[in-house]
$ cat protein23.cif   # mmCIF, C-alpha atoms
data_model
loop_
_atom_site.group_PDB
_atom_site.id
_atom_site.type_symbol
_atom_site.label_atom_id
_atom_site.label_comp_id
_atom_site.auth_asym_id
_atom_site.auth_seq_id
_atom_site.Cartn_x
_atom_site.Cartn_y
_atom_site.Cartn_z
ATOM 1 C CA MET A 1128 -0.013 -21.659 12.104
ATOM 2 C CA LYS A 1129 0.067 -18.114 13.464
ATOM 3 C CA LYS A 1130 -1.981 -15.544 11.607
ATOM 4 C CA PRO A 1131 0.173 -13.179 9.540
ATOM 5 C CA LEU A 1132 0.487 -9.415 9.584
ATOM 6 C CA LEU A 1133 -0.953 -7.979 6.364
ATOM 7 C CA ALA A 1134 1.153 -5.014 5.193
ATOM 8 C CA VAL A 1135 -0.405 -3.072 2.309
ATOM 9 C CA ASP A 1136 1.175 -0.586 -0.086
ATOM 10 C CA GLY A 1137 -1.680 1.918 0.076
ATOM 11 C CA ASP A 1138 -0.583 4.124 -2.809
ATOM 12 C CA SER A 1139 0.069 1.160 -5.087
ATOM 13 C CA LEU A 1140 -3.404 -0.325 -4.578
ATOM 14 C CA ALA A 1141 -5.142 3.066 -4.636
ATOM 15 C CA HIS A 1142 -3.550 3.924 -7.992
ATOM 16 C CA ARG A 1143 -4.552 0.511 -9.310
ATOM 17 C CA ALA A 1144 -8.132 1.019 -8.123
ATOM 18 C CA TYR A 1145 -8.371 4.559 -9.510
ATOM 19 C CA HIS A 1146 -7.336 3.518 -13.014
ATOM 20 C CA ALA A 1147 -9.409 0.300 -13.011
ATOM 21 C CA LEU A 1148 -12.811 1.769 -12.131
ATOM 22 C CA PRO A 1149 -15.018 4.245 -14.024
ATOM 23 C CA LYS A 1150 -14.512 7.902 -13.131
ATOM 24 C CA SER A 1151 -18.325 8.137 -13.000
ATOM 25 C CA ILE A 1152 -18.314 6.615 -9.485
ATOM 26 C CA ARG A 1153 -19.136 9.548 -7.204
ATOM 27 C CA ARG A 1154 -19.837 10.250 -3.559
ATOM 28 C CA ALA A 1155 -21.721 13.123 -1.909
ATOM 29 C CA GLU A 1156 -21.763 16.452 -3.779
ATOM 30 C CA GLY A 1157 -20.490 14.724 -6.910
ATOM 31 C CA ARG A 1158 -16.992 14.258 -5.510
ATOM 32 C CA PRO A 1159 -14.819 11.446 -6.977
ATOM 33 C CA ALA A 1160 -15.029 8.037 -5.301
ATOM 34 C CA GLY A 1161 -13.652 5.344 -7.627
ATOM 35 C CA ALA A 1162 -10.354 4.978 -5.756
ATOM 36 C CA LEU A 1163 -12.175 4.901 -2.396
ATOM 37 C CA VAL A 1164 -14.542 2.150 -3.519
ATOM 38 C CA GLY A 1165 -11.959 0.159 -5.454
ATOM 39 C CA PHE A 1166 -9.334 0.339 -2.719
ATOM 40 C CA THR A 1167 -11.861 -0.733 -0.088
ATOM 41 C CA ASN A 1168 -12.952 -3.705 -2.182
ATOM 42 C CA MET A 1169 -9.299 -4.719 -2.647
ATOM 43 C CA LEU A 1170 -8.579 -4.362 1.069
ATOM 44 C CA LEU A 1171 -11.640 -6.424 2.030
ATOM 45 C CA ARG A 1172 -10.649 -9.112 -0.450
ATOM 46 C CA LEU A 1173 -7.146 -9.279 1.019
ATOM 47 C CA TRP A 1174 -8.519 -9.389 4.566
ATOM 48 C CA GLU A 1175 -10.894 -12.245 3.699
ATOM 49 C CA LEU A 1176 -8.167 -14.126 1.829
ATOM 50 C CA GLU A 1177 -5.403 -13.849 4.445
ATOM 51 C CA GLN A 1178 -7.372 -13.570 7.718
ATOM 52 C CA PRO A 1179 -4.503 -11.555 9.235
ATOM 53 C CA ARG A 1180 -3.939 -10.820 12.896
ATOM 54 C CA ALA A 1181 -3.531 -7.135 12.008
ATOM 55 C CA VAL A 1182 -3.391 -4.848 8.981
ATOM 56 C CA LEU A 1183 -0.936 -2.008 8.336
ATOM 57 C CA VAL A 1184 -1.399 0.272 5.327
ATOM 58 C CA GLY A 1185 1.583 2.449 4.401
ATOM 59 C CA TRP A 1186 1.215 5.723 2.498
ATOM 60 C CA ASP A 1187 3.525 8.068 0.620
ATOM 61 C CA SER A 1188 3.746 11.658 1.847
ATOM 62 C CA LEU A 1189 3.146 13.377 -1.471
ATOM 63 C CA GLY A 1190 4.565 16.874 -1.652
ATOM 64 C CA THR A 1191 7.076 16.271 1.148
ATOM 65 C CA PRO A 1192 10.571 15.439 -0.179
ATOM 66 C CA THR A 1193 12.303 12.331 1.146
ATOM 67 C CA TYR A 1194 16.043 11.829 1.457
ATOM 68 C CA ARG A 1195 15.784 10.116 -1.939
ATOM 69 C CA ASN A 1196 14.559 13.316 -3.604
ATOM 70 C CA GLU A 1197 17.203 15.390 -1.829
ATOM 71 C CA ALA A 1198 20.030 13.014 -2.761
ATOM 72 C CA PHE A 1199 18.865 12.515 -6.352
ATOM 73 C CA PRO A 1200 16.627 15.360 -7.605
ATOM 74 C CA ASP A 1201 15.522 13.380 -10.690
ATOM 75 C CA TYR A 1202 14.096 10.607 -8.473
ATOM 76 C CA GLN A 1203 10.532 9.839 -9.632
ATOM 77 C CA GLY A 1204 10.707 12.995 -11.754
ATOM 78 C CA GLY A 1205 7.843 13.721 -14.105
ATOM 79 C CA ARG A 1206 5.183 11.875 -12.107
ATOM 80 C CA GLU A 1207 1.891 13.718 -12.153
ATOM 81 C CA PHE A 1208 -1.342 12.642 -10.463
ATOM 82 C CA ASP A 1209 -4.895 13.636 -11.294
ATOM 83 C CA ASP A 1210 -6.428 16.050 -8.789
ATOM 84 C CA GLU A 1211 -9.316 13.620 -8.285
ATOM 85 C CA LEU A 1212 -6.879 10.866 -7.272
ATOM 86 C CA LEU A 1213 -5.002 13.177 -4.896
ATOM 87 C CA GLU A 1214 -8.287 14.143 -3.230
ATOM 88 C CA GLN A 1215 -9.074 10.486 -2.542
ATOM 89 C CA LEU A 1216 -5.546 9.674 -1.392
ATOM 90 C CA ASP A 1217 -6.024 12.282 1.340
ATOM 91 C CA LEU A 1218 -9.178 10.482 2.563
ATOM 92 C CA LEU A 1219 -8.014 6.882 2.433
ATOM 93 C CA PRO A 1220 -5.905 6.815 5.645
ATOM 94 C CA GLU A 1221 -9.000 7.960 7.563
ATOM 95 C CA LEU A 1222 -10.985 5.113 6.026
ATOM 96 C CA VAL A 1223 -8.270 2.584 6.923
ATOM 97 C CA GLU A 1224 -8.324 3.729 10.541
ATOM 98 C CA ALA A 1225 -12.148 3.551 10.596
ATOM 99 C CA PHE A 1226 -11.726 -0.150 9.826
ATOM 100 C CA GLY A 1227 -9.687 -0.477 13.007
ATOM 101 C CA PHE A 1228 -6.543 -1.029 10.948
ATOM 102 C CA ALA A 1229 -3.238 0.854 11.256
ATOM 103 C CA ALA A 1230 -2.230 3.583 8.811
ATOM 104 C CA ALA A 1231 1.359 4.825 8.544
ATOM 105 C CA LYS A 1232 2.186 8.142 6.897
ATOM 106 C CA ALA A 1233 4.928 10.613 7.825
ATOM 107 C CA GLY A 1234 6.955 13.302 6.105
ATOM 108 C CA GLY A 1235 10.184 12.053 4.579
ATOM 109 C CA TYR A 1236 9.068 8.426 4.205
ATOM 110 C CA GLU A 1237 7.463 6.402 1.445
ATOM 111 C CA ALA A 1238 4.890 3.641 1.806
ATOM 112 C CA ASP A 1239 7.659 1.138 0.980
ATOM 113 C CA ASP A 1240 9.645 2.211 4.039
ATOM 114 C CA PHE A 1241 6.754 1.505 6.398
ATOM 115 C CA LEU A 1242 6.319 -1.933 4.864
ATOM 116 C CA GLY A 1243 10.031 -2.619 5.305
ATOM 117 C CA ALA A 1244 9.831 -1.530 8.940
ATOM 118 C CA ALA A 1245 6.727 -3.665 9.522
ATOM 119 C CA VAL A 1246 8.385 -6.752 8.061
ATOM 120 C CA ALA A 1247 11.501 -6.223 10.193
ATOM 121 C CA SER A 1248 9.338 -5.819 13.300
ATOM 122 C CA GLU A 1249 7.234 -8.890 12.559
ATOM 123 C CA GLU A 1250 10.210 -11.094 11.726
ATOM 124 C CA LYS A 1251 11.881 -9.993 14.969
ATOM 125 C CA ARG A 1252 8.859 -11.215 16.960
ATOM 126 C CA GLY A 1253 8.872 -14.503 15.038
ATOM 127 C CA GLY A 1254 5.777 -13.722 12.990
ATOM 128 C CA ARG A 1255 4.903 -13.910 9.327
ATOM 129 C CA THR A 1256 4.031 -11.031 7.011
ATOM 130 C CA VAL A 1257 2.116 -10.888 3.761
ATOM 131 C CA VAL A 1258 2.981 -7.734 1.770
ATOM 132 C CA ALA A 1259 0.443 -6.599 -0.837
ATOM 133 C CA THR A 1260 1.987 -4.379 -3.524
ATOM 134 C CA SER A 1261 2.479 -3.953 -7.265
ATOM 135 C CA ASP A 1262 5.988 -2.574 -6.650
ATOM 136 C CA ARG A 1263 8.700 -5.090 -7.481
ATOM 137 C CA ASP A 1264 11.229 -3.122 -5.429
ATOM 138 C CA LEU A 1265 9.603 -4.836 -2.444
ATOM 139 C CA PHE A 1266 10.841 -8.220 -3.642
ATOM 140 C CA GLN A 1267 13.811 -7.422 -1.393
ATOM 141 C CA LEU A 1268 11.554 -8.274 1.574
ATOM 142 C CA ALA A 1269 10.826 -11.852 0.468
ATOM 143 C CA SER A 1270 11.982 -14.470 2.958
ATOM 144 C CA GLU A 1271 10.862 -17.683 4.618
ATOM 145 C CA GLN A 1272 8.683 -15.500 6.886
ATOM 146 C CA THR A 1273 7.568 -12.895 4.355
ATOM 147 C CA THR A 1274 5.577 -13.367 1.145
ATOM 148 C CA ILE A 1275 4.863 -10.679 -1.442
ATOM 149 C CA LEU A 1276 1.312 -10.658 -2.847
ATOM 150 C CA GLN A 1277 1.448 -9.102 -6.295
ATOM 151 C CA PRO A 1278 -1.900 -8.242 -7.923
ATOM 152 C CA VAL A 1279 -2.108 -9.620 -11.439
ATOM 153 C CA ARG A 1280 -5.713 -8.728 -12.275
ATOM 154 C CA GLY A 1281 -7.393 -6.467 -9.724
ATOM 155 C CA VAL A 1282 -6.999 -8.599 -6.624
ATOM 156 C CA SER A 1283 -8.994 -11.479 -8.043
ATOM 157 C CA GLU A 1284 -5.687 -12.962 -9.201
ATOM 158 C CA LEU A 1285 -2.621 -12.677 -7.011
ATOM 159 C CA ALA A 1286 0.917 -13.944 -7.508
ATOM 160 C CA ARG A 1287 2.669 -15.135 -4.354
ATOM 161 C CA VAL A 1288 6.335 -14.218 -4.447
ATOM 162 C CA GLY A 1289 8.893 -15.712 -2.083
ATOM 163 C CA PRO A 1290 12.669 -16.208 -2.394
ATOM 164 C CA VAL A 1291 12.248 -18.940 -5.045
ATOM 165 C CA GLU A 1292 10.118 -16.686 -7.253
ATOM 166 C CA VAL A 1293 12.564 -13.777 -6.879
ATOM 167 C CA ARG A 1294 15.378 -16.043 -8.036
ATOM 168 C CA GLU A 1295 13.269 -17.260 -10.970
ATOM 169 C CA ARG A 1296 12.311 -13.728 -12.071
ATOM 170 C CA TYR A 1297 15.538 -11.829 -11.462
ATOM 171 C CA GLY A 1298 18.250 -14.429 -11.062
ATOM 172 C CA VAL A 1299 19.283 -12.930 -7.697
ATOM 173 C CA GLU A 1300 18.516 -13.421 -4.009
ATOM 174 C CA PRO A 1301 15.971 -11.094 -2.336
ATOM 175 C CA GLN A 1302 18.699 -9.331 -0.350
ATOM 176 C CA GLN A 1303 20.462 -8.559 -3.647
ATOM 177 C CA VAL A 1304 17.454 -6.749 -5.137
ATOM 178 C CA PRO A 1305 18.666 -3.209 -4.195
ATOM 179 C CA ASP A 1306 22.055 -3.979 -5.792
ATOM 180 C CA PHE A 1307 20.242 -5.389 -8.823
ATOM 181 C CA ILE A 1308 18.084 -2.256 -9.169
ATOM 182 C CA ALA A 1309 21.147 -0.012 -8.825
ATOM 183 C CA LEU A 1310 22.918 -1.843 -11.657
ATOM 184 C CA ARG A 1311 19.935 -2.420 -13.937
ATOM 185 C CA GLY A 1312 18.241 0.911 -13.273
ATOM 186 C CA ASP A 1313 14.552 1.593 -12.699
ATOM 187 C CA PRO A 1314 12.742 3.709 -15.319
ATOM 188 C CA SER A 1315 9.696 4.220 -13.088
ATOM 189 C CA ASP A 1316 11.880 5.920 -10.464
ATOM 190 C CA ARG A 1317 14.168 7.553 -13.053
ATOM 191 C CA LEU A 1318 17.220 5.617 -11.827
ATOM 192 C CA PRO A 1319 19.533 5.212 -14.844
ATOM 193 C CA GLY A 1320 21.586 2.269 -13.566
ATOM 194 C CA ALA A 1321 25.030 1.359 -14.885
ATOM 195 C CA SER A 1322 25.816 2.177 -18.509
ATOM 196 C CA GLY A 1323 25.070 -0.728 -20.819
ATOM 197 C CA VAL A 1324 23.773 -2.990 -18.034
ATOM 198 C CA GLY A 1325 20.412 -4.726 -18.364
ATOM 199 C CA PRO A 1326 18.717 -7.317 -16.140
ATOM 200 C CA LYS A 1327 20.807 -10.290 -17.323
ATOM 201 C CA LYS A 1328 24.156 -8.557 -16.928
ATOM 202 C CA ALA A 1329 23.151 -7.139 -13.542
ATOM 203 C CA ALA A 1330 22.298 -10.655 -12.347
ATOM 204 C CA ASP A 1331 25.547 -12.034 -13.778
ATOM 205 C CA VAL A 1332 27.575 -9.375 -11.916
ATOM 206 C CA LEU A 1333 25.859 -10.216 -8.627
ATOM 207 C CA ARG A 1334 26.329 -13.941 -9.123
ATOM 208 C CA GLU A 1335 30.047 -13.293 -9.561
ATOM 209 C CA TYR A 1336 30.577 -10.722 -6.795
ATOM 210 C CA GLU A 1337 27.494 -11.220 -4.552
ATOM 211 C CA THR A 1338 27.226 -7.485 -3.809
ATOM 212 C CA LEU A 1339 27.491 -4.229 -5.727
ATOM 213 C CA GLU A 1340 30.115 -3.031 -3.245
ATOM 214 C CA ALA A 1341 32.312 -6.075 -3.890
ATOM 215 C CA ALA A 1342 32.065 -5.456 -7.633
ATOM 216 C CA LEU A 1343 33.069 -1.819 -7.167
ATOM 217 C CA GLU A 1344 35.989 -2.776 -4.932
ATOM 218 C CA ALA A 1345 37.144 -5.153 -7.673
ATOM 219 C CA GLY A 1346 37.320 -2.215 -10.060
ATOM 220 C CA ARG A 1347 34.057 -2.731 -11.943
ATOM 221 C CA PHE A 1348 32.081 0.388 -12.959
ATOM 222 C CA SER A 1349 34.764 2.640 -11.440
ATOM 223 C CA ALA A 1350 33.601 5.765 -13.301
ATOM 224 C CA GLU A 1351 30.073 5.317 -11.962
ATOM 225 C CA ALA A 1352 30.863 3.971 -8.500
ATOM 226 C CA GLU A 1353 29.441 6.809 -6.389
ATOM 227 C CA ASP A 1354 26.325 7.086 -8.537
ATOM 228 C CA LEU A 1355 25.681 3.359 -8.214
ATOM 229 C CA ARG A 1356 26.128 3.499 -4.441
ATOM 230 C CA LEU A 1357 23.536 6.288 -4.387
ATOM 231 C CA TYR A 1358 21.098 4.300 -6.532
ATOM 232 C CA ARG A 1359 21.475 1.341 -4.191
ATOM 233 C CA ARG A 1360 20.737 3.540 -1.173
ATOM 234 C CA ILE A 1361 17.642 4.915 -2.911
ATOM 235 C CA ALA A 1362 16.422 1.392 -3.739
ATOM 236 C CA THR A 1363 16.932 0.158 -0.163
ATOM 237 C CA LEU A 1364 13.935 0.408 2.164
ATOM 238 C CA ASP A 1365 14.313 2.417 5.371
ATOM 239 C CA ALA A 1366 13.328 -0.082 8.047
ATOM 240 C CA SER A 1367 13.642 2.633 10.719
ATOM 241 C CA ALA A 1368 10.411 4.286 9.507
ATOM 242 C CA PRO A 1369 8.099 5.024 12.487
ATOM 243 C CA LEU A 1370 5.274 2.529 12.932
ATOM 244 C CA PRO A 1371 1.980 2.726 14.820
ATOM 245 C CA PRO A 1372 1.272 -0.104 17.306
ATOM 246 C CA LEU A 1373 0.729 -3.409 15.531
ATOM 247 C CA GLU A 1374 -1.099 -5.411 18.175
ATOM 248 C CA ASP A 1375 -3.830 -7.864 17.144
ATOM 249 C CA GLN A 1376 -6.824 -6.033 15.681
ATOM 250 C CA HIS A 1377 -10.567 -6.559 15.533
ATOM 251 C CA PRO A 1378 -12.143 -4.835 12.510
ATOM 252 C CA SER A 1379 -14.711 -2.149 13.254
ATOM 253 C CA TRP A 1380 -17.004 -2.732 10.282
ATOM 254 C CA ALA A 1381 -19.782 -0.588 11.747
ATOM 255 C CA GLU A 1382 -17.543 2.472 12.111
ATOM 256 C CA ALA A 1383 -16.246 2.077 8.562
ATOM 257 C CA SER A 1384 -19.825 1.668 7.325
ATOM 258 C CA SER A 1385 -20.841 4.875 9.082
ATOM 259 C CA LEU A 1386 -17.967 6.802 7.480
ATOM 260 C CA ALA A 1387 -18.806 5.450 4.028
ATOM 261 C CA ARG A 1388 -22.456 6.399 4.472
ATOM 262 C CA GLY A 1389 -21.439 9.891 5.542
ATOM 263 C CA TRP A 1390 -19.541 10.194 2.263
ATOM 264 C CA GLY A 1391 -22.659 9.143 0.352
ATOM 265 C CA LEU A 1392 -21.284 5.705 -0.565
ATOM 266 C CA ASN A 1393 -24.398 3.803 0.447
ATOM 267 C CA ALA A 1394 -23.748 0.566 -1.448
ATOM 268 C CA LEU A 1395 -20.303 0.297 0.137
ATOM 269 C CA ALA A 1396 -21.749 1.211 3.544
ATOM 270 C CA ASP A 1397 -24.344 -1.556 3.227
ATOM 271 C CA ARG A 1398 -21.663 -4.108 2.358
ATOM 272 C CA LEU A 1399 -19.595 -3.113 5.369
ATOM 273 C CA ALA A 1400 -22.623 -3.142 7.672
ATOM 274 C CA GLY A 1401 -23.318 -6.687 6.522
ATOM 275 C CA MET A 1402 -19.879 -7.778 7.726
ATOM 276 C CA ALA A 1403 -20.479 -6.569 11.293
#
$ encode --input "protein23.cif" --output "structure tokens"
Amino acid sequence: MKKPLLAVDGDSLAHRAYHALPKSIRRAEGRPAGALVGFTNMLLRLWELEQPRAVLVGWDSLGTPTYRNEAFPDYQGGREFDDELLEQLDLLPELVEAFGFAAAKAGGYEADDFLGAAVASEEKRGGRTVVATSDRDLFQLASEQTTILQPVRGVSELARVGPVEVRERYGVEPQQVPDFIALRGDPSDRLPGASGVGPKKAADVLREYETLEAALEAGRFSAEAEDLRLYRRIATLDASAPLPPLEDQHPSWAEASSLARGWGLNALADRLAGMA
């Protein structure tokens, strides 16, 4: 079987690492390092587990509005990140590239969009993709060629989510997930959804009409129609996001080790040097 592309939601795993590890982990000059160390350990674990042909890590462009923010100003409103996390998020793409992996970050796009674009590209070439993320919005990518890896406990325990698991969890098909989110709402992104509609009713509507648009054309949710169309657009990944080349890669453990040592992360540098 062909080796898969590993597509990683960088922000999702970095946030997970930052909150899982002690804030006492420091690099040179006492600067914060927990997210750097934790993210690297997660990435190495995924690489060893999947043995991918290449790795792409997508990143949010924090501080640069996307079309989602412009279309819906309350989108992801109220999210605040610690300065120490933001400092490490700025460094992580450099670390990813030191590994010899691809990093994708551009104004106006979210990490999710790069993963959607990577999956579309890989499926077009007949390949498989494994997508590592805690974000259930990405269940819309599940297919016979694409599996979602959802961390359950660190990355020592991972749930593999394909079309069957999406149907079991949500009661809808993967391609219906944006419609489902639009109807049900998404508190983490501040999307209110349709009035009085929870997960079960959203799934029931989509079983009956197949798509949100068909339900609206049948006269359902007429007072909220344009809002729901907007929520669906926000929940849909932008597969046109610009990607770096995704040719087969050979990890450069020594270069990553050198960067880690320059940051004063000697234990991590030693581990990476041992992989060379």
$ closest_residue --input "protein23.cif" --among "A:Leu1355, A:Ala1134, A:Ala1147, A:Val1293" --to "Ser1322 (chain A)" --atoms "all atoms listed in the file"
A:Leu1355
$ resolve_selection --input "protein23.cif" --expression "the PyMOL selection byres ((chain A and resi 1274) around 7)" --output "list of chain:residue names"
A:Thr1256, A:Val1257, A:Val1258, A:Ala1269, A:Ser1270, A:Gln1272, A:Thr1273, A:Ile1275, A:Leu1276, A:Arg1287, A:Val1288, A:Gly1289
$ closest_residue --input "protein23.cif" --among "A:Asp1375, A:Ala1141, A:Gly1235, A:Asp1264" --to "Lys1129 (chain A)" --atoms "all atoms listed in the file"
A:Asp1375
$ closest_residue --input "protein23.cif" --among "A:Leu1395, A:Ala1321, A:Ala1368, A:Gln1277" --to "Glu1353 (chain A)" --atoms "all atoms listed in the file"
A:Ala1321
$ residues_around --input "protein23.cif" --residues "Gly1185 (chain A)" --least-positions-apart "4" --cutoff "6 Å" --atoms "all atoms listed in the file" --output "VMD selection string"
chain A and resid 1136 to 1137 1230 to 1231 1238 1241
$ build_atoms --input "protein23.cif" --residues "region 1157-1166 of chain A" --atoms "all heavy atoms" --output "PDB file, in the frame of the given file"
ATOM      1  N   GLY A1157     -21.124  15.019  -5.634  1.00  0.00           N
ATOM      2  CA  GLY A1157     -20.490  14.724  -6.910  1.00  0.00           C
ATOM      3  C   GLY A1157     -18.989  14.552  -6.854  1.00  0.00           C
ATOM      4  O   GLY A1157     -18.319  14.567  -7.894  1.00  0.00           O
ATOM      5  N   ARG A1158     -18.444  14.398  -5.645  1.00  0.00           N
ATOM      6  CA  ARG A1158     -16.992  14.258  -5.510  1.00  0.00           C
ATOM      7  C   ARG A1158     -16.549  12.870  -5.986  1.00  0.00           C
ATOM      8  O   ARG A1158     -17.314  11.906  -5.944  1.00  0.00           O
ATOM      9  CB  ARG A1158     -16.550  14.458  -4.048  1.00  0.00           C
ATOM     10  CG  ARG A1158     -17.007  15.758  -3.400  1.00  0.00           C
ATOM     11  CD  ARG A1158     -16.643  16.967  -4.225  1.00  0.00           C
ATOM     12  NE  ARG A1158     -15.220  17.033  -4.552  1.00  0.00           N
ATOM     13  CZ  ARG A1158     -14.702  17.839  -5.463  1.00  0.00           C
ATOM     14  NH1 ARG A1158     -15.483  18.633  -6.179  1.00  0.00           N
ATOM     15  NH2 ARG A1158     -13.401  17.856  -5.677  1.00  0.00           N
ATOM     16  N   PRO A1159     -15.299  12.735  -6.454  1.00  0.00           N
ATOM     17  CA  PRO A1159     -14.819  11.446  -6.977  1.00  0.00           C
ATOM     18  C   PRO A1159     -14.749  10.379  -5.893  1.00  0.00           C
ATOM     19  O   PRO A1159     -14.472  10.666  -4.729  1.00  0.00           O
ATOM     20  CB  PRO A1159     -13.416  11.786  -7.501  1.00  0.00           C
ATOM     21  CG  PRO A1159     -12.992  12.995  -6.726  1.00  0.00           C
ATOM     22  CD  PRO A1159     -14.250  13.777  -6.501  1.00  0.00           C
ATOM     23  N   ALA A1160     -14.999   9.116  -6.304  1.00  0.00           N
ATOM     24  CA  ALA A1160     -15.029   8.037  -5.301  1.00  0.00           C
ATOM     25  C   ALA A1160     -14.513   6.705  -5.817  1.00  0.00           C
ATOM     26  O   ALA A1160     -14.470   5.738  -5.066  1.00  0.00           O
ATOM     27  CB  ALA A1160     -16.453   7.862  -4.771  1.00  0.00           C
ATOM     28  N   GLY A1161     -14.080   6.627  -7.082  1.00  0.00           N
ATOM     29  CA  GLY A1161     -13.652   5.344  -7.627  1.00  0.00           C
ATOM     30  C   GLY A1161     -12.496   4.712  -6.868  1.00  0.00           C
ATOM     31  O   GLY A1161     -12.492   3.504  -6.602  1.00  0.00           O
ATOM     32  N   ALA A1162     -11.504   5.519  -6.494  1.00  0.00           N
ATOM     33  CA  ALA A1162     -10.354   4.978  -5.756  1.00  0.00           C
ATOM     34  C   ALA A1162     -10.780   4.525  -4.357  1.00  0.00           C
ATOM     35  O   ALA A1162     -10.286   3.508  -3.854  1.00  0.00           O
ATOM     36  CB  ALA A1162      -9.244   6.014  -5.657  1.00  0.00           C
ATOM     37  N   LEU A1163     -11.695   5.278  -3.727  1.00  0.00           N
ATOM     38  CA  LEU A1163     -12.175   4.901  -2.396  1.00  0.00           C
ATOM     39  C   LEU A1163     -12.882   3.550  -2.433  1.00  0.00           C
ATOM     40  O   LEU A1163     -12.615   2.663  -1.615  1.00  0.00           O
ATOM     41  CB  LEU A1163     -13.134   5.966  -1.859  1.00  0.00           C
ATOM     42  CG  LEU A1163     -12.554   7.345  -1.556  1.00  0.00           C
ATOM     43  CD1 LEU A1163     -13.677   8.344  -1.265  1.00  0.00           C
ATOM     44  CD2 LEU A1163     -11.586   7.291  -0.383  1.00  0.00           C
ATOM     45  N   VAL A1164     -13.775   3.392  -3.414  1.00  0.00           N
ATOM     46  CA  VAL A1164     -14.542   2.150  -3.519  1.00  0.00           C
ATOM     47  C   VAL A1164     -13.641   0.994  -3.940  1.00  0.00           C
ATOM     48  O   VAL A1164     -13.665  -0.085  -3.338  1.00  0.00           O
ATOM     49  CB  VAL A1164     -15.702   2.326  -4.523  1.00  0.00           C
ATOM     50  CG1 VAL A1164     -16.393   0.989  -4.792  1.00  0.00           C
ATOM     51  CG2 VAL A1164     -16.709   3.346  -3.997  1.00  0.00           C
ATOM     52  N   GLY A1165     -12.819   1.229  -4.964  1.00  0.00           N
ATOM     53  CA  GLY A1165     -11.959   0.159  -5.454  1.00  0.00           C
ATOM     54  C   GLY A1165     -10.933  -0.285  -4.433  1.00  0.00           C
ATOM     55  O   GLY A1165     -10.695  -1.488  -4.265  1.00  0.00           O
ATOM     56  N   PHE A1166     -10.320   0.685  -3.741  1.00  0.00           N
ATOM     57  CA  PHE A1166      -9.334   0.339  -2.719  1.00  0.00           C
ATOM     58  C   PHE A1166      -9.994  -0.459  -1.600  1.00  0.00           C
ATOM     59  O   PHE A1166      -9.429  -1.459  -1.124  1.00  0.00           O
ATOM     60  CB  PHE A1166      -8.686   1.599  -2.146  1.00  0.00           C
ATOM     61  CG  PHE A1166      -7.743   1.323  -1.016  1.00  0.00           C
ATOM     62  CD1 PHE A1166      -6.421   0.996  -1.264  1.00  0.00           C
ATOM     63  CD2 PHE A1166      -8.172   1.370   0.305  1.00  0.00           C
ATOM     64  CE1 PHE A1166      -5.547   0.712  -0.224  1.00  0.00           C
ATOM     65  CE2 PHE A1166      -7.301   1.086   1.351  1.00  0.00           C
ATOM     66  CZ  PHE A1166      -5.986   0.756   1.080  1.00  0.00           C
TER      67      PHE A1166
END
